[in-house]
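Asks: Handing over work-v1.cif, mmCIF, C-alpha atoms.
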```
data_my_file
#
loop_
_atom_site.label_atom_id
_atom_site.label_comp_id
_atom_site.auth_asym_id
_atom_site.auth_seq_id
_atom_site.Cartn_x
_atom_site.Cartn_y
_atom_site.Cartn_z
CA MET E 292 126.27 156.58 181.49
CA GLU E 293 122.51 157.05 181.77
CA ASP E 294 120.74 155.63 184.81
CA LYS E 295 118.36 152.67 184.69
CA LYS E 296 115.22 154.78 184.48
CA ALA E 297 116.53 156.83 181.56
CA LEU E 298 117.72 153.68 179.80
CA ALA E 299 114.32 152.05 180.27
CA GLU E 300 112.60 155.07 178.69
CA ARG E 301 115.05 154.99 175.81
CA LEU E 302 114.33 151.29 175.25
CA LYS E 303 110.59 151.92 175.24
CA LYS E 304 111.06 154.57 172.56
CA LEU E 305 113.32 152.21 170.62
CA ILE E 306 110.69 149.46 170.71
CA ILE E 307 107.92 151.79 169.55
CA GLU E 308 110.00 153.32 166.78
CA SER E 309 111.75 150.21 165.47
CA LEU E 310 108.55 148.17 165.45
CA GLN E 311 106.47 151.11 164.21
CA ILE E 312 103.87 150.55 166.93
CA GLU E 313 101.04 153.01 166.64
CA ASP E 314 98.81 154.43 169.37
CA ILE E 315 101.22 153.54 172.17
CA ALA E 316 103.46 156.03 174.00
CA PRO E 317 106.51 155.09 176.10
CA GLY E 318 104.51 155.94 179.21
CA ASP E 319 101.93 153.30 178.31
CA ILE E 320 104.48 150.51 178.72
CA LYS E 321 105.04 149.46 182.33
CA ASP E 322 108.50 148.26 183.25
CA ASP E 323 107.29 144.82 184.30
CA ASP E 324 104.65 144.31 181.60
CA PRO E 325 105.27 141.24 179.40
CA LEU E 326 106.57 142.35 176.01
CA PHE E 327 105.19 139.27 174.24
CA GLY E 328 101.87 137.49 174.28
CA ASN E 329 99.24 139.17 176.41
CA GLY E 330 101.46 142.11 177.27
CA LEU E 331 102.61 144.41 174.52
CA GLY E 332 101.73 141.65 172.05
CA LEU E 333 105.06 141.33 170.28
CA ASP E 334 105.87 138.20 168.25
CA SER E 335 108.97 136.36 167.02
CA ILE E 336 109.33 138.63 163.99
CA ASP E 337 109.29 141.64 166.28
CA ALA E 338 111.95 139.94 168.40
CA LEU E 339 114.28 139.79 165.42
CA GLU E 340 113.60 143.44 164.64
CA LEU E 341 114.52 144.27 168.23
CA VAL E 342 117.73 142.27 167.88
CA VAL E 343 118.63 144.38 164.84
CA ALA E 344 117.70 147.62 166.64
CA LEU E 345 119.74 146.73 169.76
CA GLU E 346 122.80 145.98 167.66
CA LYS E 347 122.45 149.27 165.81
CA GLU E 348 121.76 151.34 168.92
CA PHE E 349 123.98 149.69 171.52
CA GLY E 350 126.37 147.40 169.62
CA ILE E 351 124.88 144.34 171.30
CA VAL E 352 124.77 141.14 169.25
CA ILE E 353 122.13 138.60 170.25
CA ALA E 354 122.43 135.40 168.23
CA ASP E 355 121.01 132.88 170.69
CA GLU E 356 117.26 132.46 170.81
CA GLU E 357 117.41 131.30 174.44
CA VAL E 358 119.16 134.53 175.41
CA GLY E 359 116.46 136.44 173.56
CA LYS E 360 113.73 134.66 175.50
CA LYS E 361 115.31 135.68 178.79
CA ILE E 362 115.93 139.33 178.01
CA PHE E 363 112.74 140.10 176.10
CA VAL E 364 110.52 139.21 179.06
CA SER E 365 109.89 142.84 180.07
CA ILE E 366 111.42 146.30 179.98
CA ASN E 367 113.06 145.49 183.32
CA THR E 368 114.88 142.41 181.99
CA LEU E 369 115.80 144.17 178.77
CA THR E 370 117.14 147.21 180.62
CA ASP E 371 119.29 145.09 182.93
CA PHE E 372 120.74 143.20 179.95
CA VAL E 373 121.48 146.33 177.90
CA ALA E 374 123.07 148.11 180.88
CA LYS E 375 125.40 145.15 181.32
CA GLU E 376 126.23 144.35 177.69
CA ARG E 377 126.13 147.65 175.85
CA LYS E 378 129.15 148.58 173.75
CA MET E 379 128.12 152.18 173.06
CA MET I 158 129.16 123.07 139.08
CA ILE I 159 129.84 125.89 136.65
CA ASP I 160 127.73 126.44 133.56
CA SER I 161 126.91 129.21 131.10
CA ASP I 162 124.52 130.92 133.51
CA ILE I 163 127.40 131.75 135.82
CA GLY I 164 129.69 134.73 135.41
CA LEU I 165 127.00 137.17 134.36
CA CYS I 166 127.05 139.46 137.38
CA ASP I 167 129.64 142.05 138.23
CA LEU I 168 131.05 140.61 141.43
CA ARG I 169 133.41 142.97 143.14
CA ARG I 170 135.19 142.47 146.40
CA GLY I 171 132.74 142.92 149.21
CA GLU I 172 129.94 143.84 146.86
CA SER I 173 126.64 142.92 148.44
CA ALA I 174 123.12 144.01 149.15
CA THR I 175 124.30 146.29 151.90
CA SER I 176 127.26 147.83 150.09
CA PRO I 177 126.01 150.03 147.27
CA MET I 178 127.49 149.68 143.80
CA SER I 179 128.74 153.24 144.03
CA ARG I 180 131.19 152.21 146.72
CA PRO I 181 134.81 152.08 145.53
CA ALA I 182 135.58 148.57 144.34
CA VAL I 183 138.59 146.71 143.04
CA ALA I 184 137.92 146.07 139.35
CA GLY I 185 137.99 142.39 138.53
CA ALA I 186 138.55 141.32 142.12
CA ARG I 187 136.49 138.37 143.26
CA TYR I 188 134.94 137.62 146.59
CA PRO I 189 137.53 135.70 148.65
CA PHE I 190 135.45 132.51 148.85
CA PRO I 191 133.43 132.21 145.64
CA MET I 192 131.22 129.15 145.42
CA GLN I 193 129.02 128.71 142.40
CA PHE I 194 125.97 126.54 141.91
CA THR I 195 123.81 125.59 138.93
CA LYS I 196 120.06 125.35 138.53
CA ASN I 197 120.20 121.64 139.36
CA ASP I 198 121.89 122.48 142.65
CA ILE I 199 119.23 125.08 143.38
CA ILE I 200 116.45 122.57 142.65
CA ALA I 201 118.09 120.19 145.10
CA VAL I 202 117.80 122.80 147.85
CA ILE I 203 114.62 124.84 147.38
CA PRO I 204 111.19 123.49 146.46
CA HIS I 205 110.41 125.97 143.69
CA ARG I 206 110.01 124.64 140.14
CA PRO I 207 109.43 126.29 136.74
CA PRO I 208 107.69 128.51 135.95
CA ILE I 209 108.01 130.00 139.45
CA LEU I 210 111.67 129.07 139.87
CA LEU I 211 113.24 132.45 139.19
CA ILE I 212 116.98 131.91 139.60
CA ASP I 213 119.21 130.19 137.06
CA ALA I 214 122.38 129.99 139.13
CA ILE I 215 124.17 131.14 142.23
CA GLU I 216 127.25 133.14 141.31
CA GLU I 217 128.75 133.18 144.76
CA VAL I 218 127.62 132.34 148.24
CA GLU I 219 128.74 132.31 151.84
CA PHE I 220 126.12 130.10 153.41
CA LYS I 221 123.84 131.65 156.02
CA LYS I 222 125.46 135.04 155.36
CA ARG I 223 125.28 136.32 151.79
CA GLY I 224 125.02 135.36 148.15
CA VAL I 225 124.38 136.43 144.58
CA GLY I 226 121.79 134.79 142.35
CA VAL I 227 121.36 135.37 138.63
CA ARG I 228 118.50 135.07 136.16
CA ARG I 229 118.41 135.74 132.44
CA ILE I 230 115.03 136.96 131.24
CA THR I 231 114.27 135.45 127.83
CA ALA I 232 111.45 135.09 125.31
CA ASP I 233 110.53 131.85 127.07
CA ASP I 234 109.44 133.79 130.15
CA ASP I 235 105.70 134.13 129.61
CA PHE I 236 105.34 136.78 132.29
CA VAL I 237 107.17 139.34 130.15
CA GLY I 238 104.48 139.39 127.46
CA ALA I 239 101.60 138.65 129.79
CA TYR I 240 102.13 141.55 132.15
CA LEU I 241 101.69 145.03 130.71
CA PRO I 242 102.39 143.69 127.17
CA ALA I 243 102.89 147.15 125.72
CA ASP I 244 105.79 147.74 128.13
CA GLY I 245 107.32 144.25 127.90
CA ILE I 246 108.51 144.29 131.49
CA MET I 247 108.82 141.69 134.21
CA PRO I 248 106.29 142.07 137.04
CA ARG I 249 108.06 143.92 139.82
CA THR I 250 106.64 141.63 142.48
CA LEU I 251 108.50 138.72 140.89
CA LEU I 252 111.76 140.50 141.67
CA ILE I 253 110.90 140.12 145.34
CA GLU I 254 110.22 136.44 144.78
CA ALA I 255 113.57 136.06 142.99
CA LEU I 256 115.36 137.71 145.92
CA ALA I 257 113.48 135.43 148.30
CA GLN I 258 114.60 132.34 146.40
CA THR I 259 118.21 133.52 146.43
CA ALA I 260 117.95 134.10 150.18
CA ALA I 261 116.46 130.63 150.61
CA PHE I 262 119.48 129.12 148.89
CA VAL I 263 121.87 131.15 151.04
CA ALA I 264 120.05 129.92 154.16
CA ALA I 265 119.77 126.27 153.19
CA GLY I 266 122.29 125.53 150.43
CA GLY I 267 125.06 124.58 152.84
CA LYS I 268 123.49 121.15 153.05
CA LEU I 269 125.05 120.45 149.62
CA MET I 270 128.55 120.68 151.00
CA PRO I 271 130.49 117.48 151.67
CA GLY I 272 130.11 116.39 155.27
CA ALA I 273 127.28 118.83 155.96
CA ASP I 274 124.55 117.74 158.34
CA SER I 275 121.24 118.60 156.68
CA ARG I 276 119.69 119.03 160.14
CA ASP I 277 121.74 122.21 160.48
CA TYR I 278 119.84 123.80 157.60
CA PRO I 279 116.18 124.69 157.13
CA THR I 280 114.04 122.61 154.77
CA VAL I 281 111.40 125.22 154.08
CA GLY I 282 110.96 128.93 154.60
CA TYR I 283 107.99 131.22 154.38
CA LEU I 284 108.08 134.94 153.73
CA VAL I 285 106.53 136.63 156.73
CA ARG I 286 107.46 140.26 156.12
CA ILE I 287 108.51 142.43 153.20
CA ALA I 288 109.65 145.91 154.22
CA ASP I 289 111.29 149.04 152.91
CA VAL I 290 110.95 147.94 149.30
CA VAL I 291 111.86 150.50 146.68
CA PHE I 292 111.57 149.93 142.95
CA SER I 293 113.70 152.23 140.84
CA GLY I 294 113.48 150.60 137.45
CA ASP I 295 112.15 147.71 135.39
CA VAL I 296 113.48 144.47 133.98
CA ARG I 297 112.93 143.71 130.32
CA GLN I 298 113.33 140.69 128.10
CA VAL I 299 117.01 139.80 127.48
CA ASP I 300 118.05 141.54 130.68
CA THR I 301 120.13 139.60 133.17
CA ILE I 302 119.14 140.29 136.74
CA CYS I 303 121.66 139.97 139.55
CA LEU I 304 120.19 139.25 142.96
CA PHE I 305 122.31 140.29 145.94
CA VAL I 306 121.20 139.16 149.40
CA ASP I 307 122.82 139.66 152.81
CA LEU I 308 121.67 138.21 156.10
CA VAL I 309 120.88 141.13 158.39
CA SER I 310 120.20 139.01 161.44
CA SER I 311 118.58 135.81 162.62
CA LEU I 312 117.04 134.64 165.85
CA GLY I 313 115.81 131.08 166.17
CA SER I 314 113.67 130.30 163.16
CA ILE I 315 113.39 133.89 161.93
CA TYR I 316 115.83 135.17 159.30
CA LYS I 317 115.99 138.71 157.93
CA PHE I 318 117.77 139.47 154.66
CA ALA I 319 118.52 142.71 152.81
CA GLY I 320 118.26 142.35 149.06
CA VAL I 321 119.16 144.35 145.97
CA VAL I 322 118.35 143.60 142.33
CA ARG I 323 120.62 145.04 139.67
CA VAL I 324 120.82 144.92 135.89
CA GLY I 325 124.41 145.73 135.11
CA ASP I 326 125.32 148.73 137.23
CA THR I 327 121.71 149.87 137.52
CA GLU I 328 119.79 149.22 140.73
CA ILE I 329 116.27 148.04 140.00
CA CYS I 330 114.92 147.19 143.42
CA ARG I 331 115.91 146.87 147.06
CA GLY I 332 114.17 145.78 150.23
CA ASN I 333 114.21 143.69 153.38
CA LEU I 334 112.74 140.19 153.49
CA THR I 335 111.97 138.27 156.67
CA PHE I 336 111.39 134.51 156.71
CA SER I 337 110.14 131.96 159.15
CA VAL I 338 111.98 128.71 158.50
CA ALA I 339 111.52 125.13 159.63
#
```
Any chance you could give the structure as structure tokens?

Replies:
Amino acid sequence: MEDKKALAERLKKLIIESLQIEDIAPGDIKDDDPLFGNGLGLDSIDALELVVALEKEFGIVIADEEVGKKIFVSINTLTDFVAKERKM
Amino acid sequence: MIDSDIGLCDLRRGESATSPMSRPAVAGARYPFPMQFTKNDIIAVIPHRPPILLIDAIEEVEFKKRGVGVRRITADDDFVGAYLPADGIMPRTLLIEALAQTAAFVAAGGKLMPGADSRDYPTVGYLVRIADVVFSGDVRQVDTICLFVDLVSSLGSIYKFAGVVRVGDTEICRGNLTFSVA
């Protein structure tokens, strides 16, 4: 199983690719930067796209909006959640 | 709830927007839980009215998951003659609208069921994203369009559906539609 740092980099790539974000490289996203609002600037539509991407990539199903709010805070929170819940 | 607009689509077991028509299917087999709804039912659920109401019936539905809408294109549909008259085709963008209306019924139509709590279902939805749309054909007068939609995922008030439009066995259009509902 990949370590936390490698998983975080993989998640950054997944975010950029699944949301088709231009002009941002994985290295531009800090692990504790907010993903929404004033951070990376994602919105609720992006959150759903991430839910779809996480299910496809890791077999994780996120159906509860409150869970989404907790794990999509930053790369750190997302990485911890994926490391714990991943099915593949 | 059944009328002459129902029974026009080729419904095969498991057939949906995310399972291509080319997939092996059991001829004549029906979806395990078919529920059919007429135009009056549709009008009771979604706010669209003629001439922009683009579905005649729902051939089968599993609420908040998947469904199949149907629309017969006739001489009464002004858009056929008013859009590229020489070709006599339906505007392709209206196919997206028809898929969106079918998805809206799938999301909200459960409120029609006995004992349903309408608070569990959205009252209005707005298209917020259309993605990965591919048109591979056109719809002409007297065609019957079958509108297959599957919920891809939802989170809070955001719903994403995959949709496919077919005329008979021919795929006309496919794409992903995302809604914000209230």

Asks: Kindly provide, as a PyMOL selection string, the residues of chain I having any atom no farther than 9 Å from an atom of chain E, counting only C-alpha atoms.

Replies: chain I and resi 285-286+309-317+335-337

Asks: Suppose a student applies the PyMOL selection byres ((chain I and resi 288-291) around 12) to this structure; what residues should they get, written as a tab-separated table (two decimals) with C-alpha atoms, in the frame of the given file?

Replies:
```tsv
chain	number	residue	atom	x	y	z
E	310	LEU	CA	108.55	148.17	165.45
E	311	GLN	CA	106.47	151.11	164.21
E	340	GLU	CA	113.60	143.44	164.64
I	249	ARG	CA	108.06	143.92	139.82
I	250	THR	CA	106.64	141.63	142.48
I	252	LEU	CA	111.76	140.50	141.67
I	253	ILE	CA	110.90	140.12	145.34
I	256	LEU	CA	115.36	137.71	145.92
I	284	LEU	CA	108.08	134.94	153.73
I	285	VAL	CA	106.53	136.63	156.73
I	286	ARG	CA	107.46	140.26	156.12
I	287	ILE	CA	108.51	142.43	153.20
I	292	PHE	CA	111.57	149.93	142.95
I	293	SER	CA	113.70	152.23	140.84
I	294	GLY	CA	113.48	150.60	137.45
I	295	ASP	CA	112.15	147.71	135.39
I	317	LYS	CA	115.99	138.71	157.93
I	318	PHE	CA	117.77	139.47	154.66
I	319	ALA	CA	118.52	142.71	152.81
I	320	GLY	CA	118.26	142.35	149.06
I	321	VAL	CA	119.16	144.35	145.97
I	322	VAL	CA	118.35	143.60	142.33
I	328	GLU	CA	119.79	149.22	140.73
I	329	ILE	CA	116.27	148.04	140.00
I	330	CYS	CA	114.92	147.19	143.42
I	331	ARG	CA	115.91	146.87	147.06
I	332	GLY	CA	114.17	145.78	150.23
I	333	ASN	CA	114.21	143.69	153.38
I	334	LEU	CA	112.74	140.19	153.49
I	335	THR	CA	111.97	138.27	156.67
I	336	PHE	CA	111.39	134.51	156.71
```

Asks: If you apply the PyMOL selection byres ((chain E and resi 379) around 9) to this file, what residues do you get, as a PyMOL selection string?

Replies: chain E and resi 348-351+377-378

Asks: Decode the PyMOL selection byres ((chain I and resi 199) around 12) for the given file into explicit residues and return them as a PyMOL selection string.

Replies: chain I and resi 158+193-198+200-207+210-216+226-227+258-269

Asks: Looking at I:Asp235, I:Asp274, I:Asp167, I:Asp326, which one is nearest to Met247 (chain I), with distances taken over only C-alpha atoms?

Replies: I:Asp235
